[in-house]
Each structure stands twice: as C-alpha cells, then as structure tokens.
Amino acid sequence: MAEVDKSISFDGRDIRLKVGLLAPQAGGSVLIQSGDTAVLVTATRSQAREGIDFLPLTVDYEERLYAAGRIPGGIMRREGRPPEKTILTSRLIDRPLRPLFPSWLRDDLQVIAFTLSMDEQVPPDVLAVTGASIATLIAQIPFDGPMAAVRVGLVGDDFIINPTYAEIEAGDLDLIVAGSPHGVIMVEAGANQLPERDIIEAIDFGYEAVRDLIKAQQDLMAELGLEIVQATPPEVDQTLANYIRDRASSEIKKILAQFHLTKPERDIALDAVKDAIATGLTELPEDDPIRISATADKKALGNTFKEITKQFMRRQIVEDNVRVDGRKLDEVRPVSCQVDVLPKRVHGSGLFNRGLTQVLSTCTLGTPGDAQNLNDDMQLDQHKRYLHHYNFPPFSVGETKPMRAPGRREIGHGALAERAILPVLPSKEQFPYVIRIVSEVLSSNGSTSMGSVCGSTLALMDAGVPILKPVSGAAMGLIKEGDEVRVLTDIQGIEDFLGDMDFKVAGTDAGITALQMDMKISGLSLDVISQAIHQAKSARLHILEKMLQTIETPRTETSPYAPRLLTIKIDSDMIGLVIGPGGKTIKGITEETGAKIDIEDDGTVTISAVDESKAKRARNIIQGMTRKLHEGDVYVGRVTRIIPIGAFVEFLPGKEGMIHISQLADYRVGKVEDEVAVGDEVIVKVREIDNKGRINLTRLGIHPDQAVAAREAAAVNR
C-alpha cells in the first residue's frame with residue numbers, strides 16, 4: 001500500500017494520519033499523531049471458528065513506558081499486567097466500535113493500539129478510538145462507519161476540542177464524544193456539577209468536530225482507492241425460526257403482559273416455554289428437515305427465542321407505553337436505603353436497593369501512605385487518594401461460575417462510580433485520609449453502576465467523610481423502532497439486554513458529575529440524548545430524596561476504629577533529620593509510639609494511629625526534634641542521665657540538653673546527685689546553643705511566670 005500522510009486541524013491543533021508506514025502485515029494500520037503523542041492502531045481479521053454464534057471482537061490497548069522515556073520498575077524491568085488506565089482505554093475503544101459491526105459477522109476481529117510516543121500535553125485515548133475506525137476501514141472489514149472521537153474540555157466559559165492534560169485539570173469538564181455518520185454513539189464524561197444544558201451543548205460541540213474527522217476518513221479512503229465495505233447479511237433459512245416463532249409468540253406475549261411477575265418468575269415462565277419447544281423438536285421424525293436443522297444449529301432455539309422476546313417487549317413499550325413490570329416510561333422502581341449496616345470495624349457502610357438491584361458499599365479510611373502508587377503507568381498523577389472498586393459475584397444474578405480477578409466490566413463500572421464521586425470529595429487539606437470504597441453487587445437487575453454511586457454516597461456519609469453534596473445516579477434506556485423513540489427511566493436487566501441504549505447519569509442536586517452512554521445502534525440524534533439527560537434529572541432527584549431520608553448529612557465523627565490523623569508542617573530541610581540515616585530515626589519513633597508516619601516532600605507530616613494518644617506522642621517527638629530553639633526559652637523537662645559534670649534533660653520529645661553542675665542551683669553544688677535524680681521533672685531554660693548544635697540548659701534566672709507557662713504548655717502537649 002502506498003504511504004499517505006494526511007493532517008486535519010482543530011483550532012490550531014493538528015491530528016496527523018500516516019498510513020502504509022508501519023505494520024504492513026496487519027489487515028489495516030494507521031499511525032495517528034497529535035503533538036508528540038503517537039498511537040499505532042491495527043485491525044486484523046481471521047476466519048470464523050467452528051460453532052461461534054457471536055461477534056468475536058477483541059480490543060487491546062497497551063502503553064509502553066519507553067513512550068514517555070521511562071524504564072519499568074520491578075525485577076523484570078518490563079511491562080507486566082496492564083494498569084487500570086489501559087484497561088479503561090481498551091473499553092473506550094471497544095464501546096463505539098462494536099455496535100458498528102454487523103450482528104451476523106462471525107470472523108475473529110482484533111484491534112490493537114500501542115502508544116509509541118507520549119508527551120505531557122496530548123492524551124492518547126481519543127486518538128486510539130479514531131485510529132481504530134481508520135484501521136478497520138483499511139482492513140476492508142464490514143463496518144457501518146467511519147467512526148471518530150474527540151475530547152471536549154471547558155475552561156472558563158469556553159469549550160475546547162482535545163484539551164491538554166493541564167486544561168483538563170483546570171477545567172470543569174472532561175467529556176469524550178464518539179460518533180458515526182448516523183449520530184452520537186458514545187459519551188463518557190466527568191464534570192464538576194455542571195447543569196444539563198452545558199453537558200448537552202458540549203456533546204453537540206464535540207459531535208461537530210467528530211463530523212470533520214469522519215469526513216477526513218472518507219477522504220483518506222478515496223485517496224487510498226479503497227471502498228468502505230458495506231455489510232451484506234448472508235441468506236438464512238427461516239424454516240426453523242418460523243417453527244419456533246409459531247409455537248412461542250403467543251406464550252411470550254402473555255408472559256410479558258403479566259406485570260406482577262418478578263424477574264425470577266418471568267425467567268422461569270419463559271424457560272418453561274422454551275423447554276416445551278425443545279421437547280417438541282426432539283419428538284419430530286429424525287428425517288424431518290426442522291429437526292435436522294435444530295440438531296445442526298443447537299443455538300437456534302435460544303437465539304430465535306431471544307429475538308421474539310425482544311420484539312414483543314419493544315412493541316409493548318412503543319405501542320402501549322407500558323414496560324414489562326407495568327411501570328410508566330419515566331417511573332423509578334421502589335427505592336430503599338440503609339446506613340450503618342455493618343459494625344464500625346468497617347468505617348462506613350451503605351446498602352442501596354432499587355427494585356431487585358442491591359448494592360452494599362463500604363468505606364475504609366486510610367493514611368496517606370495507603371494512596372495508590374501509579375509510578376508504573378504513564379499517568380501524570382503519581383498517587384491516587386480515592387479508590388472505588390466494584391465487584392460483581394455470580395450469585396448476584398443467580399448463577400454459578402468461578403470467581404476470578406476483576407474483569408474489564410468490573411473495572412469500568414468502578415471507574416465510572418469513582419468519577420461520579422470525585423467532584424464532591426473534600427480536599428486533602430480538609431480531610432487528609434485516603435478513601436477506599438468497595439461496592440459489592442449482591443443482586444443485579446440493571447443499573448448496578450449507578451446503584452454503587454448511591455450506595456457509596458451513603459457509605460461516605462456514614463463514615464464521616466465531609467462530602468460537599470450527596471450524589472445519586474440513574475440509568476436511562478432507549479427503544480427505537482423506525483421513527484418511534486421511547487426513553488426509559490431506570491432500566492432493568494431485560495430492558496438493557498433487549499434495548500438500544502444504556503445511558504448512565506450521576507450528579508448532585510446542583511448538576512452532573514459523571515455520565516456514560518453506550519449504544520447498540522449506529523447513532524443517535526442530539527434531541528434524543530437531550531431528552532434522556534433531562535429525564536434522568538428527575539430520576540436522580542427522586543432517588544436522592546430517598547437517600548437523604550436515611551442520612552441527611554455526613555456524620556460529624558469517624559469510626560473509633562478509623563486511624564486518627566494528625567498533620568503538622570516542618571521545614572523541608574528538617575526532613576532528613578526526622579528520617580535519620582537509613583530511616584533509623586523515623587523507625588525508632590514508630591517503634592516507640594506505634595504510630596505510622598508519612599512525610600511529603602514539602603514537609604507535610606501525617607501521623608496516624610488508631611489510639612489518638614499514640615499519634616500525639618509521635619507528633620510531640622517530631623515537633624520537639626524540628627522546633628527551632630532560642631536562647632531564653634523555658635521548658636519542663638525530665639532528667640534522663642547524670643554524669644559527674646552535669647545532668648542531661650529531655651525537655652522536648654526527642655531533644656536533650658545538658659545542665660552543667662554550675663547551673664543546677666544558685667549556690668555551689670558538690671555532687672549532681674545532691675540536686676537531681678534520673679526521672680526528676682525540672683524547669684529549665686535554654687542558656688546557649690553552641691556552634692556544634694549542642695544545647696546548654698540552666699535552672700537559674702527563670703521567672704515564676706515563665707515556669708507556670710512552661711508547665712501549662714507541657715500539660716497541653718501530653
């Protein structure tokens with residue numbers, strides 16, 4: 001293939017496309033670059049495997065640390081398990097790409113994106129999404145594209161396309177819009193409690209730029225002399241499908257019209273119909289063509305049954321405006337909430353129920369040393385002080401399967417809930433704890449990620465985290481039949497499974513903090529998206545009202561089992577003194593007091609212990625070590641040892657001075673032991689600090705008022 005080098009500009013920021021330069025044996029490849037960030041994206045197609053009845057699409061995004069001029073840590077000195085950010089980027093590429101492949105395609109497809117170079121200005125993720133579309137088109141895979149993505153930031157009152165990291169950090173919005181020629185196909189956003197109208201305007205602004213990238217891809221294909229491959233479905237014998245349809249349709253319709261049925265009851269009833277048809281197939285003569293077809297295609301019954309169920313569920317919503325559980329289109333399922341569900345060994349807990357969806361969230365408060373270290377990925381932030389983890393055990397949907405490490409879905413849902421909560425967390429200065437939320441999905445029937453947002457807000461408030469505002473969330477769905485469109489509030493499992501959209505919106509009563517929209521169709525107009533966002537607001541506020549009836553404000557105290565944190569500031573040039581050679585000093589303080597000590601480069605010292613008295617003891621030692629002394633300062637001290645010429649006194653934690661025998665009394669002292677003994681409490685004054693830093697003390701010339709003040713200060717610090 002001939003090399004092509006093409007550029008497109010957005011407000012002076014170029015995106016450069018290079019085709020035919022790298023990966024010549026891949027089905028299609030492109031090097032997409034902006035600034036010094038360059039991503040190689042490939043798409044490759046292999047023949048279908050035997051027995052596959054789904055689209056086997058794999059999307060992998062990887063970052064190599066050489067892209068940022070770094071060498072990996074660890075013994076192996078090479079990249080290992082992908083960090084969370086790369087997993088989320090893989091999902092980001094997959095979500096707008098997958099709906100554009102024809103549902104009948106069974107070939108193995110793999111899209112791989114490598115970040116080969118990365119600067120500190122341009123994030124690589126949206127480049128990889130657009131690159132995936134280009135590589136797929138070049139690979140001549142049937143694809144209802146082109147597709148492209150851009151990031152939208154909000155700095156001041158201005159939207160900007162593909163903002164830098166600094167602009168994202170400084171702004172109130174980080175929104176990614178992906179779209180096809182048919183409309184918006186994916187939205188991912190974090191926002192600082194922005195009003196709905198601002199979010200809608202940002203999506204519209206982003207889609208305009210997406211259209212430019214789509215046009216650039218169409219021009220590129222023409223320049224390469226390649227056609228965009230149209231999806232032509234294969235011919236299928238409908239005899240077996242018609243047999244199943246004739247026997248299942250009326251029964252499925254009756255079951256879906258029984259609004260009183262719970263999800264398990266409805267599933268049992270549908271399974272009974274399916275089993276009856278399966279039995280009927282086995283009773284046909286062995287040479288019957290329908291039985292032969294059913295034997296050859298063992299999944300035909302399940303697939304046809306799903307299609308019939310989907311058809312009747314959707315028709316019921318479009319024609320009658322009634323859902324399978326009898327709810328109105330904008331109605332939220334019954335909501336209930338609890339806090340303090342678990343003993344206070346768990347620092348905070350919240351239980352959130354919406355219909356049959358149940359999420360238990362727990363909050364754990366940790367010390368600054370518990371922050372997640374991000375040194376081995378290419379994040380600019382090296383430490384993460386808020387962690388949100390989401391777990392989805394198999395019993396939550398009444399199934400059995402092996403328990404494994406969290407998959408991409410779990411990581412993605414946790415990241416979405418984390419993004420929703422971040423804007424309302426207190427600052428590090430106000431609340432220095434590291435916070436970990438774990439959301440356990442105990443029962444799932446749709447919208448568990450938004451359930452985890454609600455449960456986590458309850459847990460944070462129960463733990464005494466002074467969040468700015470409580471956050472709630474709801475998932476919106478869509479049924480689109482021709483020109484008929486119905487937006488559904490608070491979708492349940494069957495509506496997600498058989499519907500066209502999963503649009504999650506989270507926020508406070510002041511505005512949106514996070515949203516995520518995924519489509520199963522090839523695009524959606526801004527009018528429908530706007531309707532969904534506004535309809536979600538009513539649902540969010542309704543749910544928030546139920547939450548606030550359970551706990552109105554964060555608790556004023558943390559669990560007695562949470563660590564007690566004390567924060568002090570020392571001069572940065574004193575850090576080495578506190579740490580000591582090889583960490584000897586700080587280790588000694590920890591062993592003596594039982595407190596944990598974290599020191600930052602700016603001299604911020606955070607001391608933690610479950611027993612507050614231990615934390616205070618460690619604080620006093622560090623303050624004593626680092627306090628700048630002045631001649632004439634008066635302290636209460638304790639004699640620690642005696643030598644012939646004087647007594648050593650610890651007058652601050654970790655700081656000693658010596659009283660010369662001549663300074664013990666205003667008369668001649670024959671022996672030090674005649675005046676003081678080890679363990680005696682004495683009032684001393686700093687007489688001199690010599691050029692070697694040695695501190696000489698005296699008991700002479702101390703005014704009674706100075707002695708009283710010293711005793712009061714000592715009592716406060718004990």
# chains A, B, ... in the order shown; residues from 1 in each chain; ligands from 1
$ closest_atom_pairs --of "segment 5-65 of chain A" --to "segment 89-95 of chain A" --cutoff "6 Å" --atoms "only C-alpha atoms" --output "tab-separated table"
residue	atom	partner	partner_atom	distance
A:Val59	CA	A:Ser90	CA	5.9
A:Asp60	CA	A:Ser90	CA	5.3
A:Tyr61	CA	A:Ser90	CA	4.9
$ write_last_selection --atoms "N, CA and C atoms" --output "CSV table (one decimal), in the first residue's frame"
chain,number,residue,atom,x,y,z
A,59,VAL,N,-10.4,-6.1,21.7
A,59,VAL,CA,-9.8,-4.8,21.6
A,59,VAL,C,-8.8,-4.7,22.7
A,60,ASP,N,-7.5,-4.4,22.3
A,60,ASP,CA,-6.4,-4.3,23.3
A,60,ASP,C,-5.7,-3.0,23.1
A,61,TYR,N,-5.6,-2.2,24.2
A,61,TYR,CA,-4.8,-1.0,24.2
A,61,TYR,C,-3.6,-1.2,25.1
$ residues_around --residues "segment 322-338 of chain A" --least-positions-apart "6" --cutoff "6 Å" --atoms "only C-alpha atoms" --output "number ranges by chain"
A: 256, 259, 350-355, 488-490
$ residues_around --residues "segment 149-154 of chain A" --least-positions-apart "3" --cutoff "7 Å" --atoms "only C-alpha atoms" --output "NGL selection string"
:A and (126 or 129-130 or 157-163 or 168 or 171-179 or 202 or 206 or 210)
$ closest_atom_pairs --of "segment 129-242 of chain A" --to "segment 292-303 of chain A" --cutoff "10 Å" --atoms "only C-alpha atoms" --output "tab-separated table"
residue	atom	partner	partner_atom	distance
A:Asp237	CA	A:Ser293	CA	9.3
A:Thr239	CA	A:Ser293	CA	8.7
A:Leu240	CA	A:Ser293	CA	6.7
A:Ala241	CA	A:Ala300	CA	7.4
$ write_last_selection --atoms "N, CA and C atoms" --output "PDB file, in the first residue's frame"
ATOM      1  N   ASP A 237     -31.854 -19.714   6.152  1.00  0.00           N
ATOM      2  CA  ASP A 237     -33.088 -20.494   6.031  1.00  0.00           C
ATOM      3  C   ASP A 237     -33.965 -20.204   7.250  1.00  0.00           C
ATOM      4  N   THR A 239     -36.893 -21.535   7.993  1.00  0.00           N
ATOM      5  CA  THR A 239     -37.876 -22.587   8.304  1.00  0.00           C
ATOM      6  C   THR A 239     -37.901 -22.908   9.786  1.00  0.00           C
ATOM      7  N   LEU A 240     -36.716 -23.141  10.370  1.00  0.00           N
ATOM      8  CA  LEU A 240     -36.646 -23.460  11.792  1.00  0.00           C
ATOM      9  C   LEU A 240     -37.109 -22.276  12.633  1.00  0.00           C
ATOM     10  N   ALA A 241     -36.673 -21.074  12.262  1.00  0.00           N
ATOM     11  CA  ALA A 241     -37.068 -19.887  13.023  1.00  0.00           C
ATOM     12  C   ALA A 241     -38.583 -19.711  13.000  1.00  0.00           C
TER      13      ALA A 241
END
$ residues_around --residues "Ala459 of chain A" --least-positions-apart "3" --cutoff "12 Å" --atoms "only C-alpha atoms" --output "ChimeraX atom specification"
/A:337-342,344,346-352,359-365,388,421,435-439,452-456,462-467,470-471,547,550-551,553-555,558-559
$ closest_residue --among "A:Arg98, A:Arg49, A:Arg687, A:Lys306" --to "His630 of chain A" --atoms "only C-alpha atoms"
A:Arg687
$ decode --residues "segment 679-712 of chain A" --atoms "N, CA and C atoms" --output "mmCIF file, in the first residue's frame"
data_model
loop_
_atom_site.group_PDB
_atom_site.id
_atom_site.type_symbol
_atom_site.label_atom_id
_atom_site.label_comp_id
_atom_site.auth_asym_id
_atom_site.auth_seq_id
_atom_site.Cartn_x
_atom_site.Cartn_y
_atom_site.Cartn_z
ATOM 1 N N GLY A 679 14.846 10.805 86.213
ATOM 2 C CA GLY A 679 13.384 10.755 86.257
ATOM 3 C C GLY A 679 12.755 11.981 86.864
ATOM 4 N N ASP A 680 13.561 12.855 87.500
ATOM 5 C CA ASP A 680 13.001 14.069 88.100
ATOM 6 C C ASP A 680 12.486 15.020 87.021
ATOM 7 N N GLU A 681 11.376 15.673 87.335
ATOM 8 C CA GLU A 681 10.866 16.726 86.458
ATOM 9 C C GLU A 681 11.493 18.042 86.876
ATOM 10 N N VAL A 682 12.012 18.778 85.910
ATOM 11 C CA VAL A 682 12.697 20.027 86.222
ATOM 12 C C VAL A 682 12.267 21.110 85.235
ATOM 13 N N ILE A 683 12.322 22.376 85.706
ATOM 14 C CA ILE A 683 12.095 23.524 84.835
ATOM 15 C C ILE A 683 13.462 24.009 84.367
ATOM 16 N N VAL A 684 13.636 24.134 83.047
ATOM 17 C CA VAL A 684 14.937 24.528 82.516
ATOM 18 C C VAL A 684 14.769 25.646 81.491
ATOM 19 N N LYS A 685 15.841 26.385 81.314
ATOM 20 C CA LYS A 685 15.877 27.445 80.313
ATOM 21 C C LYS A 685 17.056 27.198 79.384
ATOM 22 N N VAL A 686 16.853 27.485 78.088
ATOM 23 C CA VAL A 686 17.941 27.345 77.125
ATOM 24 C C VAL A 686 18.932 28.487 77.376
ATOM 25 N N ARG A 687 20.140 28.120 77.791
ATOM 26 C CA ARG A 687 21.172 29.117 78.090
ATOM 27 C C ARG A 687 22.006 29.441 76.869
ATOM 28 N N GLU A 688 22.297 28.377 76.068
ATOM 29 C CA GLU A 688 23.197 28.572 74.937
ATOM 30 C C GLU A 688 23.055 27.411 73.964
ATOM 31 N N ILE A 689 23.170 27.694 72.668
ATOM 32 C CA ILE A 689 23.286 26.658 71.635
ATOM 33 C C ILE A 689 24.625 26.906 70.956
ATOM 34 N N ASP A 690 25.578 25.968 71.153
ATOM 35 C CA ASP A 690 26.927 26.229 70.643
ATOM 36 C C ASP A 690 27.012 25.974 69.141
ATOM 37 N N ASN A 691 28.193 26.227 68.571
ATOM 38 C CA ASN A 691 28.350 26.127 67.123
ATOM 39 C C ASN A 691 28.258 24.702 66.606
ATOM 40 N N LYS A 692 28.207 23.704 67.482
ATOM 41 C CA LYS A 692 28.012 22.314 67.083
ATOM 42 C C LYS A 692 26.568 21.856 67.292
ATOM 43 N N GLY A 693 25.704 22.784 67.667
ATOM 44 C CA GLY A 693 24.303 22.456 67.863
ATOM 45 C C GLY A 693 23.996 21.878 69.232
ATOM 46 N N ARG A 694 24.978 21.831 70.121
ATOM 47 C CA ARG A 694 24.736 21.298 71.464
ATOM 48 C C ARG A 694 23.992 22.332 72.297
ATOM 49 N N ILE A 695 23.071 21.833 73.096
ATOM 50 C CA ILE A 695 22.182 22.718 73.849
ATOM 51 C C ILE A 695 22.591 22.698 75.315
ATOM 52 N N ASN A 696 22.898 23.858 75.837
ATOM 53 C CA ASN A 696 23.234 24.007 77.254
ATOM 54 C C ASN A 696 22.053 24.633 77.973
ATOM 55 N N LEU A 697 21.657 24.017 79.078
ATOM 56 C CA LEU A 697 20.483 24.437 79.838
ATOM 57 C C LEU A 697 20.890 25.001 81.195
ATOM 58 N N THR A 698 19.946 25.688 81.813
ATOM 59 C CA THR A 698 20.174 26.210 83.161
ATOM 60 C C THR A 698 18.878 26.178 83.952
ATOM 61 N N ARG A 699 19.015 26.103 85.287
ATOM 62 C CA ARG A 699 17.856 26.235 86.178
ATOM 63 C C ARG A 699 17.816 27.613 86.826
ATOM 64 N N LEU A 700 18.725 28.468 86.410
ATOM 65 C CA LEU A 700 18.851 29.774 87.044
ATOM 66 C C LEU A 700 18.159 30.845 86.207
ATOM 67 N N GLY A 701 17.717 31.873 86.864
ATOM 68 C CA GLY A 701 17.177 33.048 86.183
ATOM 69 C C GLY A 701 15.834 32.819 85.518
ATOM 70 N N ILE A 702 15.035 31.894 86.033
ATOM 71 C CA ILE A 702 13.717 31.607 85.454
ATOM 72 C C ILE A 702 12.650 32.328 86.273
ATOM 73 N N HIS A 703 11.878 33.198 85.618
ATOM 74 C CA HIS A 703 10.822 33.944 86.294
ATOM 75 C C HIS A 703 9.673 32.980 86.620
ATOM 76 N N PRO A 704 9.007 33.177 87.753
ATOM 77 C CA PRO A 704 7.875 32.287 88.106
ATOM 78 C C PRO A 704 6.794 32.217 87.022
ATOM 79 N N ASP A 705 6.525 33.344 86.359
ATOM 80 C CA ASP A 705 5.513 33.318 85.290
ATOM 81 C C ASP A 705 5.956 32.421 84.131
ATOM 82 N N GLN A 706 7.262 32.425 83.829
ATOM 83 C CA GLN A 706 7.788 31.556 82.771
ATOM 84 C C GLN A 706 7.620 30.087 83.155
ATOM 85 N N ALA A 707 7.819 29.781 84.412
ATOM 86 C CA ALA A 707 7.673 28.402 84.880
ATOM 87 C C ALA A 707 6.227 27.936 84.759
ATOM 88 N N VAL A 708 5.288 28.824 85.136
ATOM 89 C CA VAL A 708 3.865 28.466 85.039
ATOM 90 C C VAL A 708 3.478 28.219 83.579
ATOM 91 N N ALA A 709 3.930 29.108 82.693
ATOM 92 C CA ALA A 709 3.609 28.950 81.269
ATOM 93 C C ALA A 709 4.186 27.663 80.704
ATOM 94 N N ALA A 710 5.406 27.309 81.123
ATOM 95 C CA ALA A 710 6.037 26.080 80.643
ATOM 96 C C ALA A 710 5.258 24.854 81.098
ATOM 97 N N ARG A 711 4.790 24.886 82.369
ATOM 98 C CA ARG A 711 4.012 23.732 82.862
ATOM 99 C C ARG A 711 2.683 23.607 82.113
ATOM 100 N N GLU A 712 2.042 24.725 81.816
ATOM 101 C CA GLU A 712 0.770 24.680 81.081
ATOM 102 C C GLU A 712 0.973 24.139 79.667
#
